[in-house]
Amino acid sequence: MSPLKRPTIADIAQAAGVSKGAVSYALNGKAGVSEQTRARIVEIAARMGWHPSSAARALSDGRAGAIGLVVDRPAWVLGIEPFFMRLISGVETSLAATGTALLLQVTEDAQAEEAAYRRWWGERRVDGVLLVDLREDDPRLALLAELGLPAVVVGHASGTPGVPSVWIDDGAAVRETLAYLAALGHRRIARVAGPAHFVHTRERGEVFEECAAELGLPGITSVYADYSGEDGARATRRLLSGPSRPTAIVYDNDVMAVAALSVTQEMGIAVPGELSIVAWDDSELCRLVHPALTAVSRQVPQFGERAATALLELIGGAEVSDILVGPPVLVPRGSTTPARR
């Protein structure tokens, strides 16, 4: 079977008995043809299955009809972490109504990520990008400004000129979580955090320390991991093998919290009897394990939808301010209980 031939403007002109120029005027909404002729050409084009060429559209109006998202994580981590899949589902919800595509790329390091932005800009592949995992003194911001590529940060980036952010008040969730654990009688609370160079890791850590001081708790013991189950498990073993074992641990994502359950079984530590566990970002993983995990719910799909909408508005020339989404909510389940006296 031979492949179907894509209809061209010449094919439509022949079928309609008009010139190629008339077809071009009609399909691009320009003057030069009567409304009756325009309607007939549009109807014939639809019947023939014609769609505008994205390459031709980029040449005519400078738009690629796509936005980009680079995730600088190992591909296997992305495959098991629900956060990004839920974020992308929200992004796609926003894009679906506009016909805009999402170009997703996974990279292994910061240099490869920056190379992707340069290539996309040079090839006119995207009209703007969503930035995730903002870093301290992030070089991507200067690069995108140099390229003139519109960007919206998914996360807290308040005060960054020309780059609006769509963010969730993680500080409120930290305060609610610590107040809850303190009310349950927990004094020795630890945190398994994400990579230390991420802005949101540092900001959460600062609020953990402030809130612990306000509640009269000892300082929060923090260890850092890469969000993977393996690294989360190693961090959990270190905390539970120390001289002053915590009675509660808060994890910066759900994958590490689920991995921690396996470690507690391996070490013969009862959850929640001897150890309470709280996961960041509620997901199906948190509800499928036993005991089900107490988790912070941040409405991640809505997060992605608002970020994509803001980027489309920015691309369209609108002024976009920082957008606060939320608030996050603590969802108590079976993995937390009052601390033993």
# chains A, B, ... in the order shown; residues from 1 in each chain; ligands from 1

call {"tool": "residues_around", "arguments": {"residues": "Ser321 in chain A", "least_positions_apart": "6", "cutoff": "9 Å", "atoms": "only C-alpha atoms", "output": "list in words"}}
result
Val163, Pro164, Ser165, Val166 and Ala310 of chain A

call {"tool": "select_by_dssp", "arguments": {"residues": "range 60-297 of chain A", "states": "strand (DSSP E)", "output": "ChimeraX atom specification"}}
result
/A:66-71,101-106,129-132,151-154,165-168,189-193,221-224,248-251,276-280,294-297

call {"tool": "atom_distance", "arguments": {"atom1": "CA of Met267 in chain A", "atom2": "CA of Ser222 in chain A"}}
result
20.3 Å

call {"tool": "residues_around", "arguments": {"residues": "Asp138 in chain A", "least_positions_apart": "3", "cutoff": "10 Å", "atoms": "only C-alpha atoms", "output": "list in words"}}
result
Asp133, Leu134, Arg135, Leu141, Ala142, Leu143, His197, Phe198 and Val199 of chain A

call {"tool": "write_last_selection", "arguments": {"atoms": "N, CA and C atoms", "output": "mmCIF file, in the first residue's frame"}}
result
data_model
loop_
_atom_site.group_PDB
_atom_site.id
_atom_site.type_symbol
_atom_site.label_atom_id
_atom_site.label_comp_id
_atom_site.auth_asym_id
_atom_site.auth_seq_id
_atom_site.Cartn_x
_atom_site.Cartn_y
_atom_site.Cartn_z
ATOM 1 N N ASP A 133 12.971 23.003 38.190
ATOM 2 C CA ASP A 133 14.135 22.785 39.055
ATOM 3 C C ASP A 133 15.102 23.965 39.001
ATOM 4 N N LEU A 134 14.591 25.151 39.332
ATOM 5 C CA LEU A 134 15.450 26.339 39.341
ATOM 6 C C LEU A 134 16.612 26.126 40.300
ATOM 7 N N ARG A 135 17.820 26.517 39.854
ATOM 8 C CA ARG A 135 19.029 26.325 40.655
ATOM 9 C C ARG A 135 19.515 27.650 41.213
ATOM 10 N N LEU A 141 18.758 31.309 33.061
ATOM 11 C CA LEU A 141 18.022 32.564 32.953
ATOM 12 C C LEU A 141 18.746 33.550 32.045
ATOM 13 N N ALA A 142 20.062 33.653 32.217
ATOM 14 C CA ALA A 142 20.845 34.548 31.363
ATOM 15 C C ALA A 142 20.864 34.054 29.927
ATOM 16 N N LEU A 143 20.945 32.745 29.742
ATOM 17 C CA LEU A 143 20.972 32.185 28.395
ATOM 18 C C LEU A 143 19.674 32.482 27.650
ATOM 19 N N HIS A 197 21.315 21.859 45.398
ATOM 20 C CA HIS A 197 21.486 23.049 44.565
ATOM 21 C C HIS A 197 20.179 23.567 43.979
ATOM 22 N N PHE A 198 19.060 22.896 44.237
ATOM 23 C CA PHE A 198 17.775 23.390 43.768
ATOM 24 C C PHE A 198 17.250 24.455 44.727
ATOM 25 N N VAL A 199 16.673 25.519 44.164
ATOM 26 C CA VAL A 199 16.150 26.611 44.983
ATOM 27 C C VAL A 199 15.060 26.109 45.926
#

call {"tool": "residues_around", "arguments": {"residues": "Leu240 in chain A", "least_positions_apart": "5", "cutoff": "10 Å", "atoms": "only C-alpha atoms", "output": "list in words"}}
result
Ala190, Ala235, Arg245, Pro246, Thr247, Ile249, Val263, Thr264, Met267, Ile269 and Leu275 of chain A

call {"tool": "write_last_selection", "arguments": {"atoms": "N, CA and C atoms", "output": "short mmCIF file (atom, residue, chain, number, x, y, z; two decimals), in the first residue's frame"}}
result
data_model
loop_
_atom_site.label_atom_id
_atom_site.label_comp_id
_atom_site.auth_asym_id
_atom_site.auth_seq_id
_atom_site.Cartn_x
_atom_site.Cartn_y
_atom_site.Cartn_z
N ALA A 190 13.36 14.28 61.05
CA ALA A 190 14.40 14.39 60.02
C ALA A 190 13.75 14.64 58.66
N ALA A 235 19.62 7.11 52.13
CA ALA A 235 19.51 8.19 53.11
C ALA A 235 18.73 7.74 54.33
N ARG A 245 17.96 8.07 66.69
CA ARG A 245 17.06 7.75 65.57
C ARG A 245 15.83 8.66 65.59
N PRO A 246 15.47 9.24 64.43
CA PRO A 246 14.27 10.08 64.39
C PRO A 246 13.00 9.26 64.59
N THR A 247 11.97 9.92 65.08
CA THR A 247 10.67 9.25 65.20
C THR A 247 9.76 9.62 64.03
N ILE A 249 10.09 11.13 59.69
CA ILE A 249 10.91 11.60 58.57
C ILE A 249 9.98 12.16 57.49
N VAL A 263 12.92 -0.06 53.54
CA VAL A 263 14.04 0.00 54.49
C VAL A 263 13.56 -0.31 55.90
N THR A 264 12.42 0.22 56.29
CA THR A 264 11.92 -0.02 57.65
C THR A 264 11.59 -1.50 57.84
N MET A 267 14.85 -3.32 58.32
CA MET A 267 15.49 -3.06 59.61
C MET A 267 14.60 -3.41 60.80
N ILE A 269 11.73 -2.01 61.71
CA ILE A 269 11.19 -0.82 62.37
C ILE A 269 9.74 -0.65 61.94
N LEU A 275 8.09 4.71 63.68
CA LEU A 275 8.52 5.77 62.78
C LEU A 275 7.32 6.27 61.96
#

call {"tool": "closest_atom_pairs", "arguments": {"of": "range 67-105 of chain A", "to": "range 280-301 of chain A", "cutoff": "7 Å", "atoms": "only C-alpha atoms", "output": "tab-separated table"}}
result
residue	atom	partner	partner_atom	distance
A:Pro82	CA	A:Ser283	CA	6.8
A:Arg86	CA	A:Pro301	CA	5.2
A:Leu87	CA	A:Pro301	CA	4.9
A:Ser89	CA	A:Pro301	CA	6.0
A:Gly90	CA	A:Pro301	CA	4.0

call {"tool": "write_last_selection", "arguments": {"atoms": "all heavy atoms", "output": "mmCIF file, in the first residue's frame"}}
result
data_model
loop_
_atom_site.group_PDB
_atom_site.id
_atom_site.type_symbol
_atom_site.label_atom_id
_atom_site.label_comp_id
_atom_site.auth_asym_id
_atom_site.auth_seq_id
_atom_site.Cartn_x
_atom_site.Cartn_y
_atom_site.Cartn_z
ATOM 1 N N PRO A 82 6.061 10.236 39.644
ATOM 2 C CA PRO A 82 4.752 10.729 39.203
ATOM 3 C C PRO A 82 4.678 12.231 39.001
ATOM 4 O O PRO A 82 3.849 12.701 38.223
ATOM 5 C CB PRO A 82 3.810 10.282 40.336
ATOM 6 C CG PRO A 82 4.511 9.138 40.989
ATOM 7 C CD PRO A 82 5.974 9.478 40.901
ATOM 8 N N ARG A 86 2.321 14.045 36.052
ATOM 9 C CA ARG A 86 1.149 14.822 36.442
ATOM 10 C C ARG A 86 1.292 16.275 35.999
ATOM 11 O O ARG A 86 0.320 16.914 35.575
ATOM 12 C CB ARG A 86 0.937 14.730 37.948
ATOM 13 C CG ARG A 86 0.680 13.294 38.424
ATOM 14 C CD ARG A 86 0.611 13.200 39.936
ATOM 15 N NE ARG A 86 -0.587 13.835 40.444
ATOM 16 C CZ ARG A 86 -0.640 14.504 41.577
ATOM 17 N NH1 ARG A 86 0.451 14.679 42.318
ATOM 18 N NH2 ARG A 86 -1.765 15.046 41.983
ATOM 19 N N LEU A 87 2.522 16.814 36.094
ATOM 20 C CA LEU A 87 2.768 18.180 35.623
ATOM 21 C C LEU A 87 2.492 18.281 34.126
ATOM 22 O O LEU A 87 1.815 19.205 33.650
ATOM 23 C CB LEU A 87 4.208 18.580 35.912
ATOM 24 C CG LEU A 87 4.596 20.004 35.505
ATOM 25 C CD1 LEU A 87 4.018 21.014 36.484
ATOM 26 C CD2 LEU A 87 6.128 20.152 35.438
ATOM 27 N N SER A 89 0.584 16.385 32.327
ATOM 28 C CA SER A 89 -0.853 16.248 32.039
ATOM 29 C C SER A 89 -1.552 17.593 32.168
ATOM 30 O O SER A 89 -2.445 17.924 31.373
ATOM 31 C CB SER A 89 -1.491 15.222 32.984
ATOM 32 O OG SER A 89 -1.640 15.743 34.301
ATOM 33 N N GLY A 90 -1.141 18.400 33.141
ATOM 34 C CA GLY A 90 -1.718 19.731 33.274
ATOM 35 C C GLY A 90 -1.299 20.654 32.150
ATOM 36 O O GLY A 90 -2.108 21.437 31.638
#

call {"tool": "closest_residue", "arguments": {"among": "A:Val42, A:Ala75, A:Met85, A:Leu69", "to": "Tyr117 in chain A", "atoms": "only C-alpha atoms"}}
result
A:Leu69

call {"tool": "residues_around", "arguments": {"residues": "range 338-340 of chain A", "least_positions_apart": "6", "cutoff": "12 Å", "atoms": "only C-alpha atoms", "output": "ChimeraX atom specification"}}
result
/A:180-189,246-248,270-277

call {"tool": "residues_around", "arguments": {"residues": "Leu312 in chain A", "least_positions_apart": "6", "cutoff": "9 Å", "atoms": "only C-alpha atoms", "output": "list in words"}}
result
Ile67, Leu95, Asp127, Gly128 and Ala318 of chain A

call {"tool": "atom_distance", "arguments": {"atom1": "CA of Ser335 in chain A", "atom2": "CA of Gly268 in chain A"}}
result
15.4 Å

call {"tool": "atom_distance", "arguments": {"atom1": "CA of Leu147 in chain A", "atom2": "CA of Ala101 in chain A"}}
result
20.7 Å

call {"tool": "decode", "arguments": {"residues": "range 5-18 of chain A", "atoms": "all heavy atoms", "output": "PDB file, in the first residue's frame"}}
result
ATOM      1  N   LYS A   5      -0.804  10.668   0.090  1.00  0.00           N
ATOM      2  CA  LYS A   5      -0.150  11.913  -0.317  1.00  0.00           C
ATOM      3  C   LYS A   5      -0.806  13.079   0.415  1.00  0.00           C
ATOM      4  O   LYS A   5      -2.029  13.192   0.455  1.00  0.00           O
ATOM      5  CB  LYS A   5      -0.302  12.099  -1.829  1.00  0.00           C
ATOM      6  CG  LYS A   5       0.319  13.402  -2.366  1.00  0.00           C
ATOM      7  CD  LYS A   5       0.150  13.484  -3.857  1.00  0.00           C
ATOM      8  CE  LYS A   5       0.725  14.789  -4.407  1.00  0.00           C
ATOM      9  NZ  LYS A   5      -0.067  15.947  -3.978  1.00  0.00           N
ATOM     10  N   ARG A   6       0.026  13.906   1.036  1.00  0.00           N
ATOM     11  CA  ARG A   6      -0.510  15.073   1.721  1.00  0.00           C
ATOM     12  C   ARG A   6      -1.029  16.074   0.693  1.00  0.00           C
ATOM     13  O   ARG A   6      -0.337  16.415  -0.263  1.00  0.00           O
ATOM     14  CB  ARG A   6       0.578  15.749   2.560  1.00  0.00           C
ATOM     15  CG  ARG A   6       1.057  14.935   3.741  1.00  0.00           C
ATOM     16  CD  ARG A   6       1.994  15.768   4.602  1.00  0.00           C
ATOM     17  NE  ARG A   6       2.498  14.994   5.730  1.00  0.00           N
ATOM     18  CZ  ARG A   6       3.620  14.283   5.710  1.00  0.00           C
ATOM     19  NH1 ARG A   6       4.357  14.257   4.606  1.00  0.00           N
ATOM     20  NH2 ARG A   6       4.018  13.613   6.770  1.00  0.00           N
ATOM     21  N   PRO A   7      -2.265  16.539   0.858  1.00  0.00           N
ATOM     22  CA  PRO A   7      -2.797  17.520  -0.096  1.00  0.00           C
ATOM     23  C   PRO A   7      -2.040  18.836  -0.002  1.00  0.00           C
ATOM     24  O   PRO A   7      -1.618  19.253   1.082  1.00  0.00           O
ATOM     25  CB  PRO A   7      -4.258  17.680   0.347  1.00  0.00           C
ATOM     26  CG  PRO A   7      -4.273  17.285   1.789  1.00  0.00           C
ATOM     27  CD  PRO A   7      -3.229  16.220   1.928  1.00  0.00           C
ATOM     28  N   THR A   8      -1.836  19.468  -1.130  1.00  0.00           N
ATOM     29  CA  THR A   8      -1.136  20.747  -1.194  1.00  0.00           C
ATOM     30  C   THR A   8      -2.107  21.846  -1.609  1.00  0.00           C
ATOM     31  O   THR A   8      -3.258  21.582  -2.000  1.00  0.00           O
ATOM     32  CB  THR A   8       0.011  20.690  -2.216  1.00  0.00           C
ATOM     33  OG1 THR A   8      -0.552  20.506  -3.528  1.00  0.00           O
ATOM     34  CG2 THR A   8       0.962  19.535  -1.901  1.00  0.00           C
ATOM     35  N   ILE A   9      -1.627  23.082  -1.557  1.00  0.00           N
ATOM     36  CA  ILE A   9      -2.435  24.216  -2.013  1.00  0.00           C
ATOM     37  C   ILE A   9      -2.777  24.055  -3.492  1.00  0.00           C
ATOM     38  O   ILE A   9      -3.890  24.381  -3.936  1.00  0.00           O
ATOM     39  CB  ILE A   9      -1.695  25.537  -1.736  1.00  0.00           C
ATOM     40  CG1 ILE A   9      -1.774  25.869  -0.241  1.00  0.00           C
ATOM     41  CG2 ILE A   9      -2.271  26.686  -2.553  1.00  0.00           C
ATOM     42  CD1 ILE A   9      -1.084  27.151   0.160  1.00  0.00           C
ATOM     43  N   ALA A  10      -1.840  23.500  -4.279  1.00  0.00           N
ATOM     44  CA  ALA A  10      -2.104  23.267  -5.707  1.00  0.00           C
ATOM     45  C   ALA A  10      -3.232  22.275  -5.898  1.00  0.00           C
ATOM     46  O   ALA A  10      -4.085  22.443  -6.796  1.00  0.00           O
ATOM     47  CB  ALA A  10      -0.832  22.776  -6.394  1.00  0.00           C
ATOM     48  N   ASP A  11      -3.270  21.226  -5.061  1.00  0.00           N
ATOM     49  CA  ASP A  11      -4.353  20.230  -5.159  1.00  0.00           C
ATOM     50  C   ASP A  11      -5.704  20.873  -4.851  1.00  0.00           C
ATOM     51  O   ASP A  11      -6.710  20.608  -5.527  1.00  0.00           O
ATOM     52  CB  ASP A  11      -4.094  19.086  -4.172  1.00  0.00           C
ATOM     53  CG  ASP A  11      -2.834  18.302  -4.496  1.00  0.00           C
ATOM     54  OD1 ASP A  11      -2.505  18.193  -5.698  1.00  0.00           O
ATOM     55  OD2 ASP A  11      -2.193  17.802  -3.558  1.00  0.00           O
ATOM     56  N   ILE A  12      -5.727  21.712  -3.830  1.00  0.00           N
ATOM     57  CA  ILE A  12      -6.981  22.376  -3.448  1.00  0.00           C
ATOM     58  C   ILE A  12      -7.413  23.339  -4.557  1.00  0.00           C
ATOM     59  O   ILE A  12      -8.604  23.407  -4.906  1.00  0.00           O
ATOM     60  CB  ILE A  12      -6.798  23.120  -2.112  1.00  0.00           C
ATOM     61  CG1 ILE A  12      -6.440  22.126  -0.997  1.00  0.00           C
ATOM     62  CG2 ILE A  12      -8.069  23.888  -1.744  1.00  0.00           C
ATOM     63  CD1 ILE A  12      -5.982  22.791   0.293  1.00  0.00           C
ATOM     64  N   ALA A  13      -6.458  24.067  -5.142  1.00  0.00           N
ATOM     65  CA  ALA A  13      -6.774  25.014  -6.221  1.00  0.00           C
ATOM     66  C   ALA A  13      -7.375  24.290  -7.415  1.00  0.00           C
ATOM     67  O   ALA A  13      -8.361  24.750  -8.019  1.00  0.00           O
ATOM     68  CB  ALA A  13      -5.504  25.761  -6.630  1.00  0.00           C
ATOM     69  N   GLN A  14      -6.802  23.124  -7.745  1.00  0.00           N
ATOM     70  CA  GLN A  14      -7.327  22.350  -8.875  1.00  0.00           C
ATOM     71  C   GLN A  14      -8.744  21.867  -8.591  1.00  0.00           C
ATOM     72  O   GLN A  14      -9.625  21.949  -9.447  1.00  0.00           O
ATOM     73  CB  GLN A  14      -6.406  21.167  -9.151  1.00  0.00           C
ATOM     74  CG  GLN A  14      -6.836  20.339 -10.369  1.00  0.00           C
ATOM     75  CD  GLN A  14      -5.868  19.204 -10.651  1.00  0.00           C
ATOM     76  OE1 GLN A  14      -4.922  18.974  -9.907  1.00  0.00           O
ATOM     77  NE2 GLN A  14      -6.102  18.484 -11.730  1.00  0.00           N
ATOM     78  N   ALA A  15      -8.971  21.366  -7.359  1.00  0.00           N
ATOM     79  CA  ALA A  15     -10.295  20.858  -7.007  1.00  0.00           C
ATOM     80  C   ALA A  15     -11.336  21.975  -6.980  1.00  0.00           C
ATOM     81  O   ALA A  15     -12.505  21.768  -7.324  1.00  0.00           O
ATOM     82  CB  ALA A  15     -10.245  20.162  -5.651  1.00  0.00           C
ATOM     83  N   ALA A  16     -10.908  23.181  -6.569  1.00  0.00           N
ATOM     84  CA  ALA A  16     -11.847  24.302  -6.466  1.00  0.00           C
ATOM     85  C   ALA A  16     -11.964  25.099  -7.755  1.00  0.00           C
ATOM     86  O   ALA A  16     -12.856  25.949  -7.876  1.00  0.00           O
ATOM     87  CB  ALA A  16     -11.402  25.226  -5.325  1.00  0.00           C
ATOM     88  N   GLY A  17     -11.065  24.847  -8.699  1.00  0.00           N
ATOM     89  CA  GLY A  17     -11.088  25.592  -9.960  1.00  0.00           C
ATOM     90  C   GLY A  17     -10.689  27.039  -9.790  1.00  0.00           C
ATOM     91  O   GLY A  17     -11.217  27.922 -10.466  1.00  0.00           O
ATOM     92  N   VAL A  18      -9.733  27.301  -8.879  1.00  0.00           N
ATOM     93  CA  VAL A  18      -9.259  28.668  -8.646  1.00  0.00           C
ATOM     94  C   VAL A  18      -7.733  28.648  -8.683  1.00  0.00           C
ATOM     95  O   VAL A  18      -7.094  27.605  -8.802  1.00  0.00           O
ATOM     96  CB  VAL A  18      -9.751  29.214  -7.284  1.00  0.00           C
ATOM     97  CG1 VAL A  18     -11.270  29.297  -7.249  1.00  0.00           C
ATOM     98  CG2 VAL A  18      -9.237  28.349  -6.127  1.00  0.00           C
TER      99      VAL A  18
END
